[in-house]
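Peer 1: The structure is given below, and queries will be raised subsequently.
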Amino acid sequence: VDKARKEKLAKPSYFLDLTQSVINKYVTTKHKDLPCVACGKSPYDGVRHASHYKSRGSNSFLRFHLWNIWPCCYSCNVKKSGNIHEMRKGLIELIGIEKVEYLENAPRVRKYDKEYLERMRRIFAKKTRRLKNNS
């Protein structure tokens with residue numbers, strides 16, 4: 001009852017953050033052996049973050065897009081604000097210039113409703129469990 005009541009009173013940002021957390025966990029699990037996409041630092045050396053090439057705040061359309069979210073080291077993601085210039089180079093190597101240009105030219109705004117976010121959380125929580133079970 002308390003969880004249902006809390007969710008009913010929660011702001012939309014609460015559901016965005018919950019969903020982002022689940023998707024970030026999926027990305028870091030899926031790419032656990034991939035070095036930092038920006039600087040190449042080993043995946044086993046320090047804290048890993050799910051970093052967005054195009055920021056969540058100014059590019060809500062790409063907030064959950066998997067081409068836009070990659071593992072980065074703490075230094076690149078936090079101290080260097082994503083180290084975007086180097087991240088672009090790394091992404092071109094990983095996914096190709098066409099996909100990077102898509103990210104750079106994609107629509108900027110999208111509204112997500114609560115039902116969509118709940119479905120995304122279920123899907124990506126299940127995908128993450130499968131990845132963990134298969135490794």
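Chain identifiers are assigned as A, B, and so on, following the order in which chains appear in the structure tokens; residues are numbered from 1 within each chain, and ligands are numbered from 1 in order of appearance.
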Between region 30-106 of chain A and region 118-133 of chain A, at 12 Å or less, what are the per-residue closest atom pairs and their distances in Å? Count only C-alpha atoms, order by chain and rising residue number, and return it as JSON lines.
Peer 2:
{"residue": "A:Lys30", "atom": "CA", "partner": "A:Leu131", "partner_atom": "CA", "distance": 6.7}
{"residue": "A:His31", "atom": "CA", "partner": "A:Leu131", "partner_atom": "CA", "distance": 10.1}
{"residue": "A:Lys32", "atom": "CA", "partner": "A:Leu131", "partner_atom": "CA", "distance": 10.4}
{"residue": "A:Phe64", "atom": "CA", "partner": "A:Met120", "partner_atom": "CA", "distance": 9.1}
{"residue": "A:His65", "atom": "CA", "partner": "A:Met120", "partner_atom": "CA", "distance": 11.3}
{"residue": "A:Leu66", "atom": "CA", "partner": "A:Phe124", "partner_atom": "CA", "distance": 11.2}
Peer 1: Just all heavy atoms for this one: save the residues we selected as a PDB file, in the first residue's frame.
Peer 2:
ATOM      1  N   LYS A  30      25.837  -5.352 -19.698  1.00  0.00           N
ATOM      2  CA  LYS A  30      26.043  -5.845 -21.059  1.00  0.00           C
ATOM      3  C   LYS A  30      27.476  -5.594 -21.546  1.00  0.00           C
ATOM      4  O   LYS A  30      28.075  -6.435 -22.189  1.00  0.00           O
ATOM      5  CB  LYS A  30      25.062  -5.167 -22.020  1.00  0.00           C
ATOM      6  CG  LYS A  30      25.218  -5.627 -23.449  1.00  0.00           C
ATOM      7  CD  LYS A  30      24.221  -4.970 -24.373  1.00  0.00           C
ATOM      8  CE  LYS A  30      24.443  -5.503 -25.783  1.00  0.00           C
ATOM      9  NZ  LYS A  30      23.591  -4.849 -26.753  1.00  0.00           N
ATOM     10  N   HIS A  31      28.020  -4.431 -21.200  1.00  0.00           N
ATOM     11  CA  HIS A  31      29.344  -4.041 -21.688  1.00  0.00           C
ATOM     12  C   HIS A  31      30.392  -4.102 -20.573  1.00  0.00           C
ATOM     13  O   HIS A  31      31.311  -3.293 -20.538  1.00  0.00           O
ATOM     14  CB  HIS A  31      29.290  -2.626 -22.274  1.00  0.00           C
ATOM     15  CG  HIS A  31      28.347  -2.487 -23.422  1.00  0.00           C
ATOM     16  ND1 HIS A  31      28.520  -3.145 -24.617  1.00  0.00           N
ATOM     17  CD2 HIS A  31      27.212  -1.766 -23.557  1.00  0.00           C
ATOM     18  CE1 HIS A  31      27.544  -2.826 -25.443  1.00  0.00           C
ATOM     19  NE2 HIS A  31      26.731  -1.996 -24.821  1.00  0.00           N
ATOM     20  N   LYS A  32      30.246  -5.077 -19.680  1.00  0.00           N
ATOM     21  CA  LYS A  32      31.128  -5.138 -18.508  1.00  0.00           C
ATOM     22  C   LYS A  32      32.602  -5.290 -18.863  1.00  0.00           C
ATOM     23  O   LYS A  32      33.469  -4.890 -18.102  1.00  0.00           O
ATOM     24  CB  LYS A  32      30.680  -6.228 -17.551  1.00  0.00           C
ATOM     25  CG  LYS A  32      30.849  -7.639 -18.060  1.00  0.00           C
ATOM     26  CD  LYS A  32      30.360  -8.639 -17.031  1.00  0.00           C
ATOM     27  CE  LYS A  32      30.724 -10.014 -17.283  1.00  0.00           C
ATOM     28  NZ  LYS A  32      30.250 -10.869 -18.191  1.00  0.00           N
ATOM     29  N   PHE A  64      17.005   7.175 -23.279  1.00  0.00           N
ATOM     30  CA  PHE A  64      17.065   5.725 -23.082  1.00  0.00           C
ATOM     31  C   PHE A  64      17.587   4.984 -24.317  1.00  0.00           C
ATOM     32  O   PHE A  64      17.539   3.761 -24.360  1.00  0.00           O
ATOM     33  CB  PHE A  64      15.683   5.181 -22.703  1.00  0.00           C
ATOM     34  CG  PHE A  64      15.075   5.847 -21.501  1.00  0.00           C
ATOM     35  CD1 PHE A  64      13.869   6.510 -21.590  1.00  0.00           C
ATOM     36  CD2 PHE A  64      15.727   5.826 -20.274  1.00  0.00           C
ATOM     37  CE1 PHE A  64      13.302   7.127 -20.479  1.00  0.00           C
ATOM     38  CE2 PHE A  64      15.178   6.437 -19.163  1.00  0.00           C
ATOM     39  CZ  PHE A  64      13.963   7.088 -19.261  1.00  0.00           C
ATOM     40  N   HIS A  65      18.045   5.699 -25.298  1.00  0.00           N
ATOM     41  CA  HIS A  65      18.513   5.084 -26.546  1.00  0.00           C
ATOM     42  C   HIS A  65      19.862   4.408 -26.303  1.00  0.00           C
ATOM     43  O   HIS A  65      20.817   5.039 -25.852  1.00  0.00           O
ATOM     44  CB  HIS A  65      18.640   6.153 -27.629  1.00  0.00           C
ATOM     45  CG  HIS A  65      18.709   5.599 -29.010  1.00  0.00           C
ATOM     46  ND1 HIS A  65      19.736   4.799 -29.452  1.00  0.00           N
ATOM     47  CD2 HIS A  65      17.855   5.724 -30.045  1.00  0.00           C
ATOM     48  CE1 HIS A  65      19.515   4.463 -30.703  1.00  0.00           C
ATOM     49  NE2 HIS A  65      18.381   5.013 -31.098  1.00  0.00           N
ATOM     50  N   LEU A  66      19.956   3.127 -26.626  1.00  0.00           N
ATOM     51  CA  LEU A  66      21.159   2.357 -26.295  1.00  0.00           C
ATOM     52  C   LEU A  66      22.383   2.755 -27.113  1.00  0.00           C
ATOM     53  O   LEU A  66      23.502   2.490 -26.689  1.00  0.00           O
ATOM     54  CB  LEU A  66      20.890   0.859 -26.413  1.00  0.00           C
ATOM     55  CG  LEU A  66      19.867   0.324 -25.413  1.00  0.00           C
ATOM     56  CD1 LEU A  66      19.637  -1.165 -25.621  1.00  0.00           C
ATOM     57  CD2 LEU A  66      20.283   0.613 -23.986  1.00  0.00           C
TER      58      LEU A  66
END
Peer 1: Write down as a ChimeraX atom specification the residues of chain A whose backbone DSSP state falls under alpha helix (DSSP H).
Peer 2: /A:2-9,12-30,74,84-95,97-105,114-134
Peer 1: With distances taken over only C-alpha atoms, which of A:Lys6, A:Arg48, A:Arg63, A:Lys41 is nearest to Leu117 (chain A)?
Peer 2: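 The closest residue to Leu117 (chain A) is A:Arg63.
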Peer 1: When DSSP works through the backbone of this structure, what residues of region 69-101 of chain A end up as strand (DSSP E), shown as a list in words?
Peer 2: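 Result set for region 69-101 of chain A (strand (DSSP E)): Ile69, Trp70, Pro71, Cys72 and Cys73 of chain A.
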Peer 1: Filtering to N, CA, C and O atoms, could you give me those residues as a PDB file, in the first residue's frame?
Peer 2:
ATOM      1  N   ILE A  69      24.130   5.466 -24.793  1.00  0.00           N
ATOM      2  CA  ILE A  69      24.572   5.167 -23.420  1.00  0.00           C
ATOM      3  C   ILE A  69      25.675   4.118 -23.459  1.00  0.00           C
ATOM      4  O   ILE A  69      25.472   3.011 -23.955  1.00  0.00           O
ATOM      5  N   TRP A  70      26.841   4.486 -22.912  1.00  0.00           N
ATOM      6  CA  TRP A  70      28.017   3.600 -22.966  1.00  0.00           C
ATOM      7  C   TRP A  70      28.774   3.638 -21.649  1.00  0.00           C
ATOM      8  O   TRP A  70      28.725   4.639 -20.931  1.00  0.00           O
ATOM      9  N   PRO A  71      29.508   2.568 -21.351  1.00  0.00           N
ATOM     10  CA  PRO A  71      30.296   2.559 -20.115  1.00  0.00           C
ATOM     11  C   PRO A  71      31.484   3.514 -20.196  1.00  0.00           C
ATOM     12  O   PRO A  71      32.192   3.566 -21.196  1.00  0.00           O
ATOM     13  N   CYS A  72      31.628   4.281 -19.145  1.00  0.00           N
ATOM     14  CA  CYS A  72      32.757   5.207 -19.020  1.00  0.00           C
ATOM     15  C   CYS A  72      33.320   5.099 -17.612  1.00  0.00           C
ATOM     16  O   CYS A  72      32.629   4.696 -16.689  1.00  0.00           O
ATOM     17  N   CYS A  73      34.558   5.510 -17.489  1.00  0.00           N
ATOM     18  CA  CYS A  73      35.163   5.548 -16.152  1.00  0.00           C
ATOM     19  C   CYS A  73      34.633   6.778 -15.404  1.00  0.00           C
ATOM     20  O   CYS A  73      34.071   7.706 -16.009  1.00  0.00           O
TER      21      CYS A  73
END
Peer 1: Using only C-alpha atoms, can you tell me which of A:Tyr116, A:Asn77, A:Glu98, A:Lys111 comes closest to Cys39 (chain A)?
Peer 2: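 Closest to Cys39 (chain A) of all the choices is A:Asn77.
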Peer 1: Rounded to one decimal, what separation in Å do you get between CA of Gly90 (chain A) and CA of Ser58 (chain A)?
Peer 2: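 Separation between CA of Gly90 (chain A) and CA of Ser58 (chain A): 21.6 Å.
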Peer 1: Tell me which of A:Lys3, A:Lys54, A:Arg88, A:His49 sits closest to Pro107 (chain A), counting only C-alpha atoms.
Peer 2: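 Smallest separation from Pro107 (chain A) among the options: A:Lys54.
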Peer 1: Which residues are near region 101-103 of chain A? Cut-off 10 Å, only C-alpha atoms, ignore same chain within fewer than 2 positions. Put them as a list in words.
Peer 2: Tyr53, Lys54, Asn59, Phe61, Leu62, His65, Trp67, Asn68, Arg88, Ile92, Gly96, Ile97, Glu98, Lys99, Asn105, Ala106, Pro107 and Arg108 of chain A
Peer 1: Please, could you write that set of residues out with all heavy atoms as a compact mmCIF listing (two decimals), in the first residue's frame?
Peer 2:
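Result went into again-v4.txt, see below:
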# COMPACT_ATOMS: atom_id res chain seq x y z
N TYR A 53 26.22 10.07 -24.44
CA TYR A 53 26.91 10.91 -25.42
C TYR A 53 26.16 12.24 -25.56
O TYR A 53 26.73 13.30 -25.44
CB TYR A 53 27.00 10.18 -26.77
CG TYR A 53 27.59 11.02 -27.87
CD1 TYR A 53 28.85 11.58 -27.76
CD2 TYR A 53 26.88 11.25 -29.04
CE1 TYR A 53 29.40 12.36 -28.77
CE2 TYR A 53 27.41 12.02 -30.06
CZ TYR A 53 28.66 12.58 -29.92
OH TYR A 53 29.19 13.35 -30.92
N LYS A 54 24.86 12.17 -25.81
CA LYS A 54 24.02 13.36 -25.83
C LYS A 54 23.30 13.39 -24.48
O LYS A 54 22.65 12.43 -24.09
CB LYS A 54 23.01 13.32 -26.98
CG LYS A 54 23.66 13.20 -28.36
CD LYS A 54 24.61 14.33 -28.68
CE LYS A 54 23.88 15.55 -29.15
NZ LYS A 54 24.76 16.64 -29.53
N ASN A 59 18.43 16.38 -24.30
CA ASN A 59 18.10 15.45 -25.38
C ASN A 59 17.21 14.32 -24.85
O ASN A 59 17.59 13.15 -24.91
CB ASN A 59 19.36 14.86 -26.01
CG ASN A 59 20.23 15.91 -26.66
OD1 ASN A 59 20.00 16.30 -27.78
ND2 ASN A 59 21.22 16.38 -25.92
N PHE A 61 14.78 12.82 -26.04
CA PHE A 61 14.47 11.80 -27.04
C PHE A 61 15.47 10.64 -26.97
O PHE A 61 15.12 9.49 -27.20
CB PHE A 61 14.48 12.42 -28.44
CG PHE A 61 14.15 11.45 -29.54
CD1 PHE A 61 12.83 11.11 -29.82
CD2 PHE A 61 15.15 10.86 -30.29
CE1 PHE A 61 12.52 10.21 -30.83
CE2 PHE A 61 14.85 9.95 -31.30
CZ PHE A 61 13.52 9.63 -31.57
N LEU A 62 16.73 10.95 -26.66
CA LEU A 62 17.79 9.93 -26.63
C LEU A 62 18.11 9.42 -25.23
O LEU A 62 19.04 8.64 -25.05
CB LEU A 62 19.07 10.51 -27.25
CG LEU A 62 18.97 10.88 -28.73
CD1 LEU A 62 20.23 11.63 -29.15
CD2 LEU A 62 18.75 9.66 -29.58
N HIS A 65 18.05 5.70 -25.30
CA HIS A 65 18.51 5.08 -26.55
C HIS A 65 19.86 4.41 -26.30
O HIS A 65 20.82 5.04 -25.85
CB HIS A 65 18.64 6.15 -27.63
CG HIS A 65 18.71 5.60 -29.01
ND1 HIS A 65 19.74 4.80 -29.45
CD2 HIS A 65 17.85 5.72 -30.04
CE1 HIS A 65 19.51 4.46 -30.70
NE2 HIS A 65 18.38 5.01 -31.10
N TRP A 67 22.23 3.38 -28.26
CA TRP A 67 23.39 3.90 -28.98
C TRP A 67 23.99 5.09 -28.24
O TRP A 67 25.13 5.45 -28.45
CB TRP A 67 23.02 4.37 -30.39
CG TRP A 67 22.64 3.31 -31.35
CD1 TRP A 67 22.75 1.95 -31.20
CD2 TRP A 67 22.08 3.51 -32.64
NE1 TRP A 67 22.29 1.30 -32.31
CE2 TRP A 67 21.87 2.24 -33.22
CE3 TRP A 67 21.73 4.64 -33.37
CZ2 TRP A 67 21.33 2.07 -34.49
CZ3 TRP A 67 21.18 4.47 -34.63
CH2 TRP A 67 20.99 3.21 -35.18
N ASN A 68 23.21 5.71 -27.38
CA ASN A 68 23.62 6.93 -26.69
C ASN A 68 24.22 6.68 -25.31
O ASN A 68 24.75 7.60 -24.69
CB ASN A 68 22.40 7.86 -26.56
CG ASN A 68 22.75 9.24 -26.10
OD1 ASN A 68 23.72 9.84 -26.57
ND2 ASN A 68 21.98 9.76 -25.17
N ARG A 88 33.15 10.73 -28.69
CA ARG A 88 32.71 10.70 -30.09
C ARG A 88 33.65 9.82 -30.92
O ARG A 88 33.20 9.00 -31.71
CB ARG A 88 32.65 12.11 -30.68
CG ARG A 88 32.11 12.15 -32.10
CD ARG A 88 32.02 13.59 -32.61
NE ARG A 88 31.19 13.66 -33.79
CZ ARG A 88 31.60 13.39 -35.03
NH1 ARG A 88 32.85 13.01 -35.25
NH2 ARG A 88 30.77 13.49 -36.05
N ILE A 92 32.52 6.34 -32.80
CA ILE A 92 32.69 6.11 -34.24
C ILE A 92 33.35 4.75 -34.47
O ILE A 92 32.94 4.00 -35.36
CB ILE A 92 33.48 7.26 -34.89
CG1 ILE A 92 32.63 8.53 -34.90
CG2 ILE A 92 33.93 6.89 -36.30
CD1 ILE A 92 33.36 9.79 -35.32
N GLY A 96 30.10 3.21 -35.58
CA GLY A 96 30.16 3.79 -36.92
C GLY A 96 29.67 5.23 -36.98
O GLY A 96 28.86 5.66 -36.16
N ILE A 97 30.17 5.93 -37.96
CA ILE A 97 29.86 7.36 -38.11
C ILE A 97 28.38 7.60 -38.37
O ILE A 97 27.81 8.59 -37.90
CB ILE A 97 30.75 8.02 -39.21
CG1 ILE A 97 30.55 9.54 -39.25
CG2 ILE A 97 30.47 7.41 -40.58
CD1 ILE A 97 31.10 10.27 -38.06
N GLU A 98 27.71 6.71 -39.10
CA GLU A 98 26.29 6.90 -39.42
C GLU A 98 25.44 6.96 -38.15
O GLU A 98 24.56 7.81 -38.02
CB GLU A 98 25.77 5.80 -40.35
CG GLU A 98 26.43 5.76 -41.70
CD GLU A 98 27.76 4.99 -41.71
OE1 GLU A 98 28.09 4.30 -40.69
OE2 GLU A 98 28.49 5.09 -42.70
N LYS A 99 25.70 6.05 -37.23
CA LYS A 99 24.92 6.02 -35.99
C LYS A 99 25.27 7.21 -35.10
O LYS A 99 24.38 7.78 -34.45
CB LYS A 99 25.14 4.70 -35.25
CG LYS A 99 24.51 3.53 -35.98
CD LYS A 99 24.79 2.22 -35.29
CE LYS A 99 24.17 1.06 -36.08
NZ LYS A 99 24.52 -0.24 -35.50
N ASN A 105 21.89 14.30 -34.74
CA ASN A 105 20.82 14.98 -35.47
C ASN A 105 19.42 14.51 -35.09
O ASN A 105 18.45 14.90 -35.72
CB ASN A 105 21.03 14.79 -36.98
CG ASN A 105 22.31 15.45 -37.43
OD1 ASN A 105 22.50 16.64 -37.26
ND2 ASN A 105 23.22 14.66 -37.99
N ALA A 106 19.32 13.68 -34.08
CA ALA A 106 18.03 13.14 -33.64
C ALA A 106 17.17 14.25 -33.03
O ALA A 106 17.69 15.27 -32.57
CB ALA A 106 18.24 12.03 -32.61
N PRO A 107 15.85 14.03 -33.03
CA PRO A 107 14.99 14.99 -32.33
C PRO A 107 15.45 15.16 -30.89
O PRO A 107 16.05 14.25 -30.32
CB PRO A 107 13.61 14.33 -32.38
CG PRO A 107 13.68 13.37 -33.51
CD PRO A 107 15.11 12.92 -33.59
N ARG A 108 15.21 16.31 -30.31
CA ARG A 108 15.73 16.59 -28.98
C ARG A 108 14.74 16.29 -27.86
O ARG A 108 15.14 16.01 -26.75
CB ARG A 108 16.19 18.05 -28.91
CG ARG A 108 17.36 18.32 -29.83
CD ARG A 108 17.78 19.76 -29.83
NE ARG A 108 18.28 20.23 -28.57
CZ ARG A 108 19.53 20.11 -28.15
NH1 ARG A 108 20.41 19.52 -28.90
NH2 ARG A 108 19.90 20.58 -26.99
Peer 1: Just give me the gap between CA of Tyr112 (chain A) and CA of Ser51 (chain A) in Å, one decimal is fine.
Peer 2: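 Going from CA of Tyr112 (chain A) over to CA of Ser51 (chain A), I get 20.2 Å.
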Peer 1: Can you tell me how far CA of Val22 (chain A) sits from CA of Asp113 (chain A), in Å to one decimal?
Peer 2: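 One can read the CA of Val22 (chain A) to CA of Asp113 (chain A) distance as 16.5 Å.
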